[in-house]
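The data block below is run12.csv; it holds CSV, C-alpha atoms.
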```csv
chain,number,residue,atom,x,y,z
A,1,ALA,CA,103.5,93.0,89.6
A,2,SER,CA,104.0,93.6,85.9
A,3,LYS,CA,104.8,97.2,85.1
A,4,THR,CA,104.3,99.0,81.8
A,5,PRO,CA,105.7,102.6,81.3
A,6,THR,CA,103.1,105.2,80.2
A,7,LYS,CA,103.5,108.2,77.9
A,8,GLY,CA,103.3,110.6,80.9
A,9,GLY,CA,106.3,109.0,82.5
A,10,GLY,CA,104.1,107.0,84.9
A,11,VAL,CA,103.7,103.3,85.3
A,12,SER,CA,100.6,101.1,84.6
A,13,TYR,CA,100.2,97.9,86.4
A,14,ALA,CA,98.8,94.8,84.6
A,15,ASN,CA,96.8,93.9,87.7
A,16,GLU,CA,95.7,97.3,89.0
A,17,SER,CA,92.3,96.0,89.9
A,18,GLY,CA,93.7,93.1,91.9
A,19,LEU,CA,96.2,95.3,93.7
A,20,CYS,CA,93.5,97.8,94.6
A,21,ASP,CA,91.2,95.0,95.7
A,22,ALA,CA,93.9,93.6,97.9
A,23,VAL,CA,94.2,97.0,99.6
A,24,LEU,CA,90.5,97.3,100.0
A,25,ASP,CA,90.1,93.8,101.4
A,26,GLY,CA,93.4,93.8,103.4
A,27,ALA,CA,93.3,93.2,107.1
A,28,PHE,CA,95.2,96.3,108.0
A,29,SER,CA,94.4,100.0,108.8
A,30,LYS,CA,94.3,102.4,105.9
A,31,THR,CA,94.5,106.2,105.6
A,32,LEU,CA,93.4,108.6,102.8
A,33,THR,CA,94.7,112.1,103.2
A,34,PHE,CA,93.4,115.1,101.4
A,35,THR,CA,95.0,118.5,101.2
A,36,MET,CA,92.7,121.4,100.4
A,37,CYS,CA,93.9,123.2,97.2
A,38,ARG,CA,91.5,126.1,97.8
A,39,ASP,CA,89.3,127.5,100.6
A,40,GLU,CA,86.1,125.6,100.8
A,41,THR,CA,83.2,125.6,103.2
A,42,GLY,CA,82.7,122.6,105.3
A,43,LYS,CA,79.1,122.4,104.2
A,44,ALA,CA,80.2,122.2,100.5
A,45,PHE,CA,82.7,119.5,101.3
A,46,ALA,CA,80.0,117.6,103.2
A,47,GLY,CA,77.6,118.1,100.3
A,48,TRP,CA,80.1,116.5,97.9
A,49,ILE,CA,80.4,113.4,100.1
A,50,LEU,CA,76.6,113.1,100.5
A,51,ALA,CA,76.1,113.3,96.8
A,52,ALA,CA,78.8,110.7,96.1
A,53,LEU,CA,77.7,108.2,98.8
A,54,GLY,CA,74.1,109.0,99.8
A,55,ASP,CA,72.2,106.6,97.6
A,56,ARG,CA,74.6,103.7,98.3
A,57,MET,CA,74.6,104.2,102.1
A,58,ARG,CA,70.8,104.5,102.2
A,59,PHE,CA,70.5,101.3,100.1
A,60,VAL,CA,72.6,99.3,102.6
A,61,GLY,CA,70.7,100.9,105.6
A,62,ALA,CA,73.6,103.0,106.8
A,63,GLY,CA,72.4,106.5,105.8
A,64,GLY,CA,72.6,107.5,109.5
A,65,ASP,CA,76.3,106.6,109.6
A,66,LEU,CA,76.9,108.8,106.6
A,67,ASP,CA,75.0,111.7,108.2
A,68,LYS,CA,77.1,111.5,111.3
A,69,PHE,CA,80.3,111.3,109.2
A,70,VAL,CA,79.5,114.5,107.1
A,71,SER,CA,78.5,116.4,110.3
A,72,VAL,CA,82.2,116.7,111.2
A,73,PHE,CA,82.7,118.7,108.0
A,74,GLU,CA,79.5,120.7,108.3
A,75,ARG,CA,80.7,121.8,111.7
A,76,ALA,CA,84.0,123.0,110.2
A,77,LYS,CA,83.0,126.5,109.1
A,78,GLU,CA,85.8,126.8,106.5
A,79,LEU,CA,88.4,124.4,105.3
A,80,LYS,CA,91.2,126.7,104.3
A,81,LYS,CA,93.7,126.0,101.5
A,82,GLY,CA,96.4,123.7,103.0
A,83,THR,CA,94.1,122.0,105.5
A,84,GLU,CA,94.8,118.3,105.7
A,85,ILE,CA,91.9,115.9,106.2
A,86,ALA,CA,92.8,112.3,107.0
A,87,VAL,CA,90.1,109.6,106.8
A,88,LEU,CA,91.3,106.5,108.6
A,89,TRP,CA,89.8,103.0,108.2
A,90,ARG,CA,90.8,101.1,111.2
A,91,ILE,CA,91.2,97.3,111.0
A,92,GLU,CA,88.3,96.9,113.4
A,93,GLY,CA,85.9,98.8,111.1
A,94,ASP,CA,86.1,102.2,112.7
A,95,VAL,CA,86.2,105.3,110.5
A,96,GLN,CA,88.0,108.2,112.0
A,97,VAL,CA,88.6,111.8,110.7
A,98,VAL,CA,91.5,113.9,111.6
A,99,ILE,CA,91.6,117.6,110.5
A,100,ARG,CA,94.9,119.5,110.6
A,101,GLU,CA,94.6,123.2,109.8
A,102,PRO,CA,97.5,124.8,107.8
A,103,ASP,CA,100.4,126.2,109.8
A,104,PRO,CA,100.1,129.9,110.4
A,105,GLU,CA,102.1,132.0,107.9
A,106,GLY,CA,105.8,132.1,108.8
A,107,MET,CA,105.4,129.5,111.5
A,108,PRO,CA,105.9,126.1,109.9
A,109,GLY,CA,105.6,123.0,112.1
A,110,VAL,CA,103.5,124.7,114.8
A,111,HIS,CA,100.7,122.1,114.7
A,112,LEU,CA,100.8,118.5,115.7
A,113,SER,CA,101.4,115.9,113.0
A,114,LEU,CA,98.5,113.9,111.6
A,115,ASP,CA,99.8,110.8,113.5
A,116,ASP,CA,99.7,112.8,116.8
A,117,LEU,CA,96.2,114.1,116.0
A,118,ALA,CA,95.0,110.6,115.2
A,119,ARG,CA,95.2,109.8,118.9
A,120,HIS,CA,92.3,112.2,119.4
A,121,PRO,CA,90.3,112.2,116.1
A,122,ALA,CA,87.7,114.8,115.4
A,123,PHE,CA,85.3,112.0,114.6
A,124,SER,CA,85.1,108.2,115.2
A,125,LEU,CA,82.3,105.8,114.3
A,126,HIS,CA,82.2,102.0,113.9
A,127,SER,CA,80.8,101.4,110.4
A,128,ASN,CA,82.4,98.9,108.0
A,129,ALA,CA,79.8,99.9,105.3
A,130,LEU,CA,80.9,103.6,105.5
A,131,CYS,CA,84.6,102.7,105.5
A,132,ARG,CA,84.3,100.5,102.4
A,133,ALA,CA,82.0,102.9,100.5
A,134,PHE,CA,84.3,105.9,101.1
A,135,TYR,CA,87.5,104.0,100.1
A,136,GLU,CA,85.8,102.5,97.1
A,137,LEU,CA,85.2,106.1,95.8
A,138,TYR,CA,88.9,106.4,95.3
A,139,ILE,CA,90.3,102.9,94.8
A,140,GLY,CA,87.3,100.9,93.6
A,141,GLU,CA,86.5,100.0,90.0
A,142,SER,CA,84.6,103.2,89.4
A,143,SER,CA,87.1,105.5,91.1
A,144,VAL,CA,86.3,109.3,91.1
A,145,ALA,CA,90.1,109.8,91.0
A,146,PRO,CA,91.8,107.4,88.6
A,147,ALA,CA,95.2,108.9,89.4
A,148,VAL,CA,94.7,108.0,93.1
A,149,ARG,CA,93.7,104.5,92.2
A,150,ALA,CA,96.9,104.1,90.0
A,151,ALA,CA,99.0,105.5,92.9
A,152,VAL,CA,97.5,103.0,95.3
A,153,ALA,CA,98.2,100.1,92.9
A,154,HIS,CA,101.8,101.4,92.5
A,155,GLY,CA,102.3,101.6,96.2
A,156,ALA,CA,100.8,98.1,96.7
A,157,ALA,CA,103.1,96.7,94.0
A,158,GLU,CA,106.1,98.3,95.5
A,159,LEU,CA,105.2,96.9,98.9
A,160,LEU,CA,104.8,93.4,97.4
A,161,ASP,CA,108.1,93.7,95.5
A,162,GLY,CA,109.8,94.9,98.7
A,163,GLU,CA,108.3,92.1,100.7
A,164,ARG,CA,109.4,89.5,98.1
A,165,ILE,CA,112.9,90.9,98.1
A,166,SER,CA,113.0,91.0,101.9
A,167,SER,CA,111.7,87.4,102.0
A,168,GLU,CA,114.3,86.2,99.5
A,169,TYR,CA,117.0,88.0,101.4
A,170,SER,CA,116.0,86.5,104.7
A,171,LYS,CA,115.9,83.0,103.2
A,172,ARG,CA,119.3,83.5,101.7
A,173,SER,CA,120.7,84.8,105.0
A,174,ILE,CA,119.4,81.7,106.9
A,175,PHE,CA,120.8,79.5,104.2
A,176,THR,CA,124.2,81.1,104.2
A,177,GLU,CA,124.3,81.1,108.0
A,178,ARG,CA,123.8,77.3,107.9
A,179,LEU,CA,126.7,76.9,105.5
A,180,LYS,CA,129.1,78.5,107.9
```

I need this file expressed as structure tokens, please.
Amino acid sequence: ASKTPTKGGGVSYANESGLCDAVLDGAFSKTLTFTMCRDETGKAFAGWILAALGDRMRFVGAGGDLDKFVSVFERAKELKKGTEIAVLWRIEGDVQVVIREPDPEGMPGVHLSLDDLARHPAFSLHSNALCRAFYELYIGESSVAPAVRAAVAHGAAELLDGERISSEYSKRSIFTERLK
């Protein structure tokens, strides 16, 4: 992937759209993790998601899926600063939500990791339409968070470069083994 340095010290990728499309369309599970920067009510968080996705989900006939999805946030009375919310898009089309409250003050590491919590998500529903719509909010063409989209493109490019290097190394290793 072709990289261009930016003024802010970041990197821009020539094919950001292609890289993000590959992530969206890739046959693998994905996770977006949010960390609350301030205290927020679950109802307000749910309202933001409804406002962002409501029309689209109703248009494709999946408004009920969206209502079920936001209900997990509406049930959370308060999402305190430091709360982590992971939205997992499983390869089979399931959307899962894991919520990890911040560690109590002075007791770091008390709670289970997000990976451990993912074994028992707070919410799970099979809905490819909801998965796609939610992820397109962040890494689609009209991203609500361009910095997230750029970070995803960067990560995808790094993975591709790493895979290319790994592939070249393994070919070289096989070749040199044959010479011996």

- Which residues, written as a VMD selection string, have at least one atom at most 8 Å from Val97 in chain A, with all atoms listed in the file counted and residues fewer than 5 positions away on the same chain left out? chain A and resid 85 to 88 118 121 to 124

- Looking at only C-alpha atoms, which of A:Cys20, A:Ala51, A:Glu78, A:Gly26 is the one that sits closest to Glu92 in chain A?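 Of A:Cys20, A:Ala51, A:Glu78, A:Gly26, the one nearest Glu92 in chain A is A:Gly26, counting only C-alpha atoms.
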
- Do you know which residues are at most 7 Å from Leu130 in chain A counting all atoms listed in the file, after dropping those on the same chain fewer than 3 positions away, and could you put them as a list of chain:residue names?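 Once the adjacent positions are removed, what remains is A:Asp65, A:Leu66, A:Ser127, A:Ala133, A:Phe134.
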
- Task: One decimal, Å: what's the distance from CA of Ser142 in chain A over to CA of Leu159 in chain A, could you say?
- Result: 23.5 Å

- Find the residue from A:Lys80, A:Arg75, A:Arg56, A:His154 that sits nearest to Cys37 in chain A; use all atoms listed in the file when measuring. A:Lys80

- Query: Which distance in Å separates CA of Ala52 in chain A and CA of Ser143 in chain A, to one decimal?
  - Reply: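 That distance, rounded to one decimal, is 11.0 Å.
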
- Task: Using all atoms listed in the file, determine which residues lie at most 12 Å from Pro146 in chain A, disregarding the query and same-chain residues fewer than 3 positions distant; provide the list as an MDAnalysis selection string.
- Result: chainID A and resid 12 16:17 20 136:143 149:153

Store the residues of this selection in a file with C-alpha atoms, as a PDB file, in the frame of the given file.
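As written to disk, again-v8.pdb reads:
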```
ATOM      1  CA  SER A  12     100.600 101.100  84.600  1.00  0.00           C
ATOM      2  CA  GLU A  16      95.700  97.300  89.000  1.00  0.00           C
ATOM      3  CA  SER A  17      92.300  96.000  89.900  1.00  0.00           C
ATOM      4  CA  CYS A  20      93.500  97.800  94.600  1.00  0.00           C
ATOM      5  CA  GLU A 136      85.800 102.500  97.100  1.00  0.00           C
ATOM      6  CA  LEU A 137      85.200 106.100  95.800  1.00  0.00           C
ATOM      7  CA  TYR A 138      88.900 106.400  95.300  1.00  0.00           C
ATOM      8  CA  ILE A 139      90.300 102.900  94.800  1.00  0.00           C
ATOM      9  CA  GLY A 140      87.300 100.900  93.600  1.00  0.00           C
ATOM     10  CA  GLU A 141      86.500 100.000  90.000  1.00  0.00           C
ATOM     11  CA  SER A 142      84.600 103.200  89.400  1.00  0.00           C
ATOM     12  CA  SER A 143      87.100 105.500  91.100  1.00  0.00           C
ATOM     13  CA  ARG A 149      93.700 104.500  92.200  1.00  0.00           C
ATOM     14  CA  ALA A 150      96.900 104.100  90.000  1.00  0.00           C
ATOM     15  CA  ALA A 151      99.000 105.500  92.900  1.00  0.00           C
ATOM     16  CA  VAL A 152      97.500 103.000  95.300  1.00  0.00           C
ATOM     17  CA  ALA A 153      98.200 100.100  92.900  1.00  0.00           C
TER      18      ALA A 153
END
```

- Item | Which residue of A:Ala156, A:Leu24, A:Val70, A:Ala145 approaches Gly42 in chain A most closely, using only C-alpha atoms |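 Nearest to Gly42 in chain A: A:Val70.
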
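The gap separating CA of Asp161 in chain A from CA of Val144 in chain A is 27.2 Å, in Å to one decimal.
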
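Remark: for Leu53 in chain A, the closest of the candidate residues A:Val72, A:Asp67, A:Pro104, A:Phe28 is A:Asp67 (distances computed over all atoms listed in the file).
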
Add whatever atoms are absent from range 41-52 of chain A to reach all heavy atoms, and provide the output as a short mmCIF file (atom, residue, chain, number, x, y, z; two decimals), in the coordinates of the input.
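Result saved to part.cif:
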```
data_model
loop_
_atom_site.label_atom_id
_atom_site.label_comp_id
_atom_site.auth_asym_id
_atom_site.auth_seq_id
_atom_site.Cartn_x
_atom_site.Cartn_y
_atom_site.Cartn_z
N THR A 41 83.97 125.74 101.96
CA THR A 41 83.20 125.60 103.20
C THR A 41 83.04 124.17 103.57
O THR A 41 83.05 123.29 102.71
CB THR A 41 81.76 126.23 102.99
OG1 THR A 41 81.04 125.43 102.04
CG2 THR A 41 81.82 127.68 102.54
N GLY A 42 82.96 123.93 104.85
CA GLY A 42 82.70 122.60 105.30
C GLY A 42 81.44 122.00 104.80
O GLY A 42 81.34 120.81 104.48
N LYS A 43 80.43 122.86 104.67
CA LYS A 43 79.10 122.40 104.20
C LYS A 43 79.23 121.95 102.72
O LYS A 43 78.64 120.95 102.35
CB LYS A 43 78.12 123.57 104.28
CG LYS A 43 76.72 123.16 103.95
CD LYS A 43 75.72 124.26 104.25
CE LYS A 43 74.33 123.72 103.98
NZ LYS A 43 73.30 124.58 104.49
N ALA A 44 80.02 122.65 101.89
CA ALA A 44 80.20 122.20 100.50
C ALA A 44 80.94 120.90 100.42
O ALA A 44 80.58 120.03 99.63
CB ALA A 44 80.97 123.31 99.72
N PHE A 45 81.97 120.72 101.26
CA PHE A 45 82.70 119.50 101.30
C PHE A 45 81.79 118.32 101.70
O PHE A 45 81.78 117.25 101.09
CB PHE A 45 83.90 119.59 102.24
CG PHE A 45 84.91 118.48 102.15
CD1 PHE A 45 85.85 118.47 101.13
CD2 PHE A 45 84.94 117.46 103.09
CE1 PHE A 45 86.79 117.45 101.03
CE2 PHE A 45 85.88 116.44 103.01
CZ PHE A 45 86.80 116.44 101.97
N ALA A 46 80.97 118.57 102.74
CA ALA A 46 80.00 117.60 103.20
C ALA A 46 79.00 117.24 102.11
O ALA A 46 78.63 116.07 101.91
CB ALA A 46 79.30 118.06 104.45
N GLY A 47 78.57 118.27 101.37
CA GLY A 47 77.60 118.10 100.30
C GLY A 47 78.16 117.16 99.20
O GLY A 47 77.44 116.31 98.65
N TRP A 48 79.45 117.32 98.89
CA TRP A 48 80.10 116.50 97.90
C TRP A 48 80.06 115.00 98.33
O TRP A 48 79.73 114.09 97.57
CB TRP A 48 81.51 116.92 97.60
CG TRP A 48 82.19 115.99 96.66
CD1 TRP A 48 82.10 116.00 95.30
CD2 TRP A 48 83.02 114.89 97.00
NE1 TRP A 48 82.84 114.96 94.78
CE2 TRP A 48 83.41 114.26 95.81
CE3 TRP A 48 83.48 114.36 98.20
CZ2 TRP A 48 84.22 113.15 95.78
CZ3 TRP A 48 84.29 113.25 98.17
CH2 TRP A 48 84.65 112.66 96.97
N ILE A 49 80.39 114.77 99.60
CA ILE A 49 80.40 113.40 100.10
C ILE A 49 78.99 112.82 100.13
O ILE A 49 78.79 111.66 99.73
CB ILE A 49 81.02 113.36 101.54
CG1 ILE A 49 82.50 113.77 101.49
CG2 ILE A 49 80.88 111.97 102.17
CD1 ILE A 49 83.13 114.01 102.85
N LEU A 50 78.01 113.61 100.55
CA LEU A 50 76.60 113.10 100.50
C LEU A 50 76.17 112.78 99.13
O LEU A 50 75.53 111.74 98.92
CB LEU A 50 75.70 114.21 101.13
CG LEU A 50 75.67 114.31 102.64
CD1 LEU A 50 74.92 115.56 103.08
CD2 LEU A 50 75.05 113.07 103.26
N ALA A 51 76.51 113.62 98.15
CA ALA A 51 76.10 113.30 96.80
C ALA A 51 76.78 112.07 96.25
O ALA A 51 76.17 111.29 95.53
CB ALA A 51 76.49 114.53 95.87
N ALA A 52 78.03 111.85 96.63
CA ALA A 52 78.80 110.70 96.10
C ALA A 52 78.35 109.38 96.79
O ALA A 52 78.37 108.32 96.16
CB ALA A 52 80.28 110.91 96.35
#
```
